[in-house]
Amino acid sequence: MAKIGFIGMGNMGSALLKGALETFGTEELIFTAKTEQTRQRVTAETRVAYAPTNAECANACKYLILAVKPQFYDEVLKQIHYVITPDHVVISLAPGITISQLRERLGSDRRIVRAMPNTPAMIGEGMTGLAYCQEDFVPEEIQMLEKLFGAVGRFEKVEERLMSAVVCASGSSPAYVYMFIEALADGAVQFGMPRKEAYAFAAQAVAGAAKMVLETGKHPAELKDQVCSPGGTTIAGVAALEGAGFRSAVMKACAACYEKSEKLG
């Protein structure tokens with residue numbers, strides 16, 4: 001029997017599968033996808049065997065990752081509920097769908113984990129929020145969860161009530177960062193820098209700044225102040241961003257994201 005199964009081979013499903021291959025052997029993994037074309041393509045790329053149906057995939061593994069969009073959950077749960085046992089560990093990636101809602105569909109004694117990774121998991125730089133009831137799992141199972149999500153980046157255990165906030169902070173936010181990088185590059189192109197170089201400078205600046213926050217442990221405001229010399233270029237740019245409502249726009253994006261995540265459940 002495979003250890004880990006994946007239902008769904010979209011961006012997150014395929015990212016987690018490829019990340020798992022860095023730690024687990026192909027014989028420990030199995031997946032399924034909506035179309036035969038996708039199943040054959042992923043097997044050709046990864047050499048991981050596929051199951052022809054969702055139920056067969058669930059029946060063939062202990063840890064089952066539901067990597068499908070929330071609007072498809074009803075259909076998938078109907079197909080797998082009769083093969084999910086108390087021995088399974090079901091890992092849901094859907095925003096807004098709670099552990100209690102999944103237990104209503106799969107059984108009150110079913111063991112559920114909610115996970116919210118993000119697309120940088122595709123290159124091993126993801127951030128995942130994990131929510132689960134500690135007492136439902138033995139230490140070896142928790143270690144397996146950490147091993148799986150550690151293979152695609154960083155992870156943190158959070159209270160389930162904070163999962164929609166995780167969507168704001170890391171699940172959806174890469175899109176905002178890409179917009180920021182694009183805008184920075186456009187600004188440099190405006191003053192004559194070739195676009196290819198502009199993207200390289202902007203993206204590396206964002207990557208380096210993020211690493212400074214993670215590795216120094218300093219408050220972002222302190223790091224910002226270190227760049228802002230009195231009367232210099234950076235503080236002039238910061239003042240322009242404040243005048244344009246930069247912080248407010250980001251917080252409004254988070255609020256819209258949170259509201260949508262809650263509604264999906």
# chains A, B, ... in the order shown; residues from 1 in each chain; ligands from 1
call {"tool": "closest_atom_pairs", "arguments": {"of": "range 193-217 of chain A", "to": "range 113-136 of chain A", "cutoff": "12 Å", "atoms": "only C-alpha atoms", "output": "tab-separated table"}}
result
residue	atom	partner	partner_atom	distance
A:Ala207	CA	A:Glu125	CA	10.8
A:Ala210	CA	A:Glu125	CA	11.6
A:Lys211	CA	A:Glu125	CA	11.3
call {"tool": "residues_around", "arguments": {"residues": "Lys263 in chain A", "least_positions_apart": "5", "cutoff": "12 Å", "atoms": "only C-alpha atoms", "output": "list in words"}}
result
Pro70, Gln71, Ala94, Pro95, Gly96, Ile97, Thr98, Ser164, Ala256, Cys257 and Tyr258 of chain A
call {"tool": "select_by_dssp", "arguments": {"residues": "range 133-245 of chain A", "states": "alpha helix (DSSP H)", "output": "number ranges by chain"}}
result
A: 139-150, 163-166, 173-190, 195-216, 220-227, 233-243
call {"tool": "atom_distance", "arguments": {"atom1": "CA of Asn59 in chain A", "atom2": "CA of Gly171 in chain A"}}
result
29.2 Å
call {"tool": "closest_residue", "arguments": {"among": "A:Gly5, A:Gly192, A:Pro174, A:Pro139", "to": "Ala20 in chain A", "atoms": "only C-alpha atoms"}}
result
A:Gly5
call {"tool": "closest_residue", "arguments": {"among": "A:Met9, A:Cys57, A:Ala240, A:Ile99", "to": "Glu160 in chain A", "atoms": "only C-alpha atoms"}}
result
A:Ile99
call {"tool": "closest_residue", "arguments": {"among": "A:Arg154, A:Ile235, A:Ser172, A:Phe201", "to": "Asp186 in chain A", "atoms": "only C-alpha atoms"}}
result
A:Phe201
call {"tool": "closest_residue", "arguments": {"among": "A:Glu262, A:Asp87, A:Glu215, A:Glu22", "to": "Ala58 in chain A", "atoms": "only C-alpha atoms"}}
result
A:Asp87
call {"tool": "select_by_dssp", "arguments": {"residues": "range 37-251 of chain A", "states": "strand (DSSP E or B)", "output": "list in words"}}
result
Tyr50, Cys61, Lys62, Tyr63, Leu64, Ile65, Leu66, Val89, Val90, Ile91, Ser92, Arg111, Ile112, Val113, Arg114, Ala115, Met116, Gly126, Met127, Thr128, Gly129, Leu130, Ala131, Gly153, Arg154, Phe155, Glu156 and Lys157 of chain A
call {"tool": "closest_residue", "arguments": {"among": "A:Val89, A:Met212, A:Ile30, A:Val76", "to": "Ala60 in chain A", "atoms": "only C-alpha atoms"}}
result
A:Ile30
call {"tool": "residues_around", "arguments": {"residues": "Ala221 in chain A", "least_positions_apart": "5", "cutoff": "12 Å", "atoms": "only C-alpha atoms", "output": "list in words"}}
result
Ala209, Met212, Val213, Gln226, Val227, Cys228 and Val238 of chain A
call {"tool": "atom_distance", "arguments": {"atom1": "CA of Val83 in chain A", "atom2": "CA of Glu56 in chain A"}}
result
8.5 Å
call {"tool": "decode", "arguments": {"residues": "range 209-223 of chain A", "atoms": "all heavy atoms", "output": "PDB file, in the first residue's frame"}}
result
ATOM      1  N   ALA A 209      14.975  40.619   0.857  1.00  0.00           N
ATOM      2  CA  ALA A 209      14.297  41.286   1.971  1.00  0.00           C
ATOM      3  C   ALA A 209      13.510  40.281   2.818  1.00  0.00           C
ATOM      4  O   ALA A 209      13.525  40.339   4.054  1.00  0.00           O
ATOM      5  CB  ALA A 209      13.369  42.373   1.429  1.00  0.00           C
ATOM      6  N   ALA A 210      12.841  39.340   2.151  1.00  0.00           N
ATOM      7  CA  ALA A 210      12.089  38.307   2.881  1.00  0.00           C
ATOM      8  C   ALA A 210      13.027  37.454   3.726  1.00  0.00           C
ATOM      9  O   ALA A 210      12.733  37.113   4.879  1.00  0.00           O
ATOM     10  CB  ALA A 210      11.316  37.440   1.895  1.00  0.00           C
ATOM     11  N   LYS A 211      14.175  37.113   3.166  1.00  0.00           N
ATOM     12  CA  LYS A 211      15.137  36.298   3.898  1.00  0.00           C
ATOM     13  C   LYS A 211      15.688  37.051   5.101  1.00  0.00           C
ATOM     14  O   LYS A 211      15.961  36.458   6.158  1.00  0.00           O
ATOM     15  CB  LYS A 211      16.266  35.879   2.959  1.00  0.00           C
ATOM     16  CG  LYS A 211      17.044  34.667   3.436  1.00  0.00           C
ATOM     17  CD  LYS A 211      17.911  34.097   2.329  1.00  0.00           C
ATOM     18  CE  LYS A 211      18.587  32.808   2.795  1.00  0.00           C
ATOM     19  NZ  LYS A 211      19.429  32.225   1.718  1.00  0.00           N
ATOM     20  N   MET A 212      15.858  38.352   4.976  1.00  0.00           N
ATOM     21  CA  MET A 212      16.302  39.164   6.110  1.00  0.00           C
ATOM     22  C   MET A 212      15.302  39.079   7.275  1.00  0.00           C
ATOM     23  O   MET A 212      15.698  38.958   8.436  1.00  0.00           O
ATOM     24  CB  MET A 212      16.471  40.616   5.677  1.00  0.00           C
ATOM     25  CG  MET A 212      17.677  40.889   4.809  1.00  0.00           C
ATOM     26  SD  MET A 212      19.232  40.933   5.732  1.00  0.00           S
ATOM     27  CE  MET A 212      19.100  42.533   6.544  1.00  0.00           C
ATOM     28  N   VAL A 213      14.020  39.133   6.965  1.00  0.00           N
ATOM     29  CA  VAL A 213      13.000  39.032   8.013  1.00  0.00           C
ATOM     30  C   VAL A 213      13.075  37.668   8.688  1.00  0.00           C
ATOM     31  O   VAL A 213      13.066  37.555   9.926  1.00  0.00           O
ATOM     32  CB  VAL A 213      11.593  39.273   7.432  1.00  0.00           C
ATOM     33  CG1 VAL A 213      10.522  38.997   8.486  1.00  0.00           C
ATOM     34  CG2 VAL A 213      11.466  40.700   6.920  1.00  0.00           C
ATOM     35  N   LEU A 214      13.160  36.613   7.888  1.00  0.00           N
ATOM     36  CA  LEU A 214      13.140  35.261   8.428  1.00  0.00           C
ATOM     37  C   LEU A 214      14.404  34.911   9.203  1.00  0.00           C
ATOM     38  O   LEU A 214      14.345  34.246  10.237  1.00  0.00           O
ATOM     39  CB  LEU A 214      12.941  34.248   7.290  1.00  0.00           C
ATOM     40  CG  LEU A 214      11.572  34.275   6.607  1.00  0.00           C
ATOM     41  CD1 LEU A 214      11.598  33.393   5.359  1.00  0.00           C
ATOM     42  CD2 LEU A 214      10.482  33.796   7.562  1.00  0.00           C
ATOM     43  N   GLU A 215      15.544  35.360   8.717  1.00  0.00           N
ATOM     44  CA  GLU A 215      16.808  34.921   9.312  1.00  0.00           C
ATOM     45  C   GLU A 215      17.332  35.825  10.424  1.00  0.00           C
ATOM     46  O   GLU A 215      18.047  35.355  11.313  1.00  0.00           O
ATOM     47  CB  GLU A 215      17.866  34.746   8.223  1.00  0.00           C
ATOM     48  CG  GLU A 215      17.508  33.628   7.249  1.00  0.00           C
ATOM     49  CD  GLU A 215      18.660  33.215   6.358  1.00  0.00           C
ATOM     50  OE1 GLU A 215      19.763  33.769   6.506  1.00  0.00           O
ATOM     51  OE2 GLU A 215      18.436  32.327   5.509  1.00  0.00           O
ATOM     52  N   THR A 216      16.981  37.107  10.404  1.00  0.00           N
ATOM     53  CA  THR A 216      17.454  37.994  11.477  1.00  0.00           C
ATOM     54  C   THR A 216      16.499  38.019  12.662  1.00  0.00           C
ATOM     55  O   THR A 216      16.915  38.312  13.785  1.00  0.00           O
ATOM     56  CB  THR A 216      17.632  39.438  10.980  1.00  0.00           C
ATOM     57  OG1 THR A 216      16.346  40.002  10.655  1.00  0.00           O
ATOM     58  CG2 THR A 216      18.545  39.491   9.766  1.00  0.00           C
ATOM     59  N   GLY A 217      15.230  37.733  12.412  1.00  0.00           N
ATOM     60  CA  GLY A 217      14.243  37.813  13.481  1.00  0.00           C
ATOM     61  C   GLY A 217      13.886  39.236  13.861  1.00  0.00           C
ATOM     62  O   GLY A 217      13.148  39.470  14.822  1.00  0.00           O
ATOM     63  N   LYS A 218      14.382  40.199  13.110  1.00  0.00           N
ATOM     64  CA  LYS A 218      14.083  41.596  13.415  1.00  0.00           C
ATOM     65  C   LYS A 218      12.705  41.988  12.892  1.00  0.00           C
ATOM     66  O   LYS A 218      12.217  41.415  11.919  1.00  0.00           O
ATOM     67  CB  LYS A 218      15.144  42.505  12.792  1.00  0.00           C
ATOM     68  CG  LYS A 218      16.534  42.359  13.423  1.00  0.00           C
ATOM     69  CD  LYS A 218      17.536  43.324  12.789  1.00  0.00           C
ATOM     70  CE  LYS A 218      18.902  43.206  13.449  1.00  0.00           C
ATOM     71  NZ  LYS A 218      19.894  44.127  12.843  1.00  0.00           N
ATOM     72  N   HIS A 219      12.110  42.968  13.538  1.00  0.00           N
ATOM     73  CA  HIS A 219      10.814  43.486  13.097  1.00  0.00           C
ATOM     74  C   HIS A 219      10.981  44.114  11.710  1.00  0.00           C
ATOM     75  O   HIS A 219      11.978  44.796  11.449  1.00  0.00           O
ATOM     76  CB  HIS A 219      10.309  44.533  14.084  1.00  0.00           C
ATOM     77  CG  HIS A 219       8.871  44.882  13.901  1.00  0.00           C
ATOM     78  ND1 HIS A 219       8.419  45.664  12.846  1.00  0.00           N
ATOM     79  CD2 HIS A 219       7.772  44.557  14.626  1.00  0.00           C
ATOM     80  CE1 HIS A 219       7.118  45.811  12.943  1.00  0.00           C
ATOM     81  NE2 HIS A 219       6.692  45.156  14.021  1.00  0.00           N
ATOM     82  N   PRO A 220      10.023  43.889  10.803  1.00  0.00           N
ATOM     83  CA  PRO A 220      10.130  44.499   9.472  1.00  0.00           C
ATOM     84  C   PRO A 220      10.322  46.012   9.518  1.00  0.00           C
ATOM     85  O   PRO A 220      11.041  46.572   8.679  1.00  0.00           O
ATOM     86  CB  PRO A 220       8.804  44.123   8.807  1.00  0.00           C
ATOM     87  CG  PRO A 220       8.390  42.862   9.489  1.00  0.00           C
ATOM     88  CD  PRO A 220       8.857  42.990  10.912  1.00  0.00           C
ATOM     89  N   ALA A 221       9.709  46.664  10.495  1.00  0.00           N
ATOM     90  CA  ALA A 221       9.865  48.127  10.590  1.00  0.00           C
ATOM     91  C   ALA A 221      11.310  48.500  10.902  1.00  0.00           C
ATOM     92  O   ALA A 221      11.833  49.507  10.385  1.00  0.00           O
ATOM     93  CB  ALA A 221       8.935  48.690  11.662  1.00  0.00           C
ATOM     94  N   GLU A 222      11.983  47.698  11.747  1.00  0.00           N
ATOM     95  CA  GLU A 222      13.384  47.969  12.065  1.00  0.00           C
ATOM     96  C   GLU A 222      14.258  47.804  10.824  1.00  0.00           C
ATOM     97  O   GLU A 222      15.152  48.627  10.561  1.00  0.00           O
ATOM     98  CB  GLU A 222      13.865  47.032  13.174  1.00  0.00           C
ATOM     99  CG  GLU A 222      15.311  47.252  13.589  1.00  0.00           C
ATOM    100  CD  GLU A 222      15.784  46.286  14.661  1.00  0.00           C
ATOM    101  OE1 GLU A 222      14.963  45.481  15.143  1.00  0.00           O
ATOM    102  OE2 GLU A 222      16.988  46.322  14.995  1.00  0.00           O
ATOM    103  N   LEU A 223      13.990  46.768  10.059  1.00  0.00           N
ATOM    104  CA  LEU A 223      14.761  46.549   8.830  1.00  0.00           C
ATOM    105  C   LEU A 223      14.499  47.662   7.813  1.00  0.00           C
ATOM    106  O   LEU A 223      15.409  48.104   7.110  1.00  0.00           O
ATOM    107  CB  LEU A 223      14.410  45.179   8.245  1.00  0.00           C
ATOM    108  CG  LEU A 223      14.848  43.974   9.087  1.00  0.00           C
ATOM    109  CD1 LEU A 223      14.235  42.689   8.546  1.00  0.00           C
ATOM    110  CD2 LEU A 223      16.362  43.866   9.127  1.00  0.00           C
TER     111      LEU A 223
END
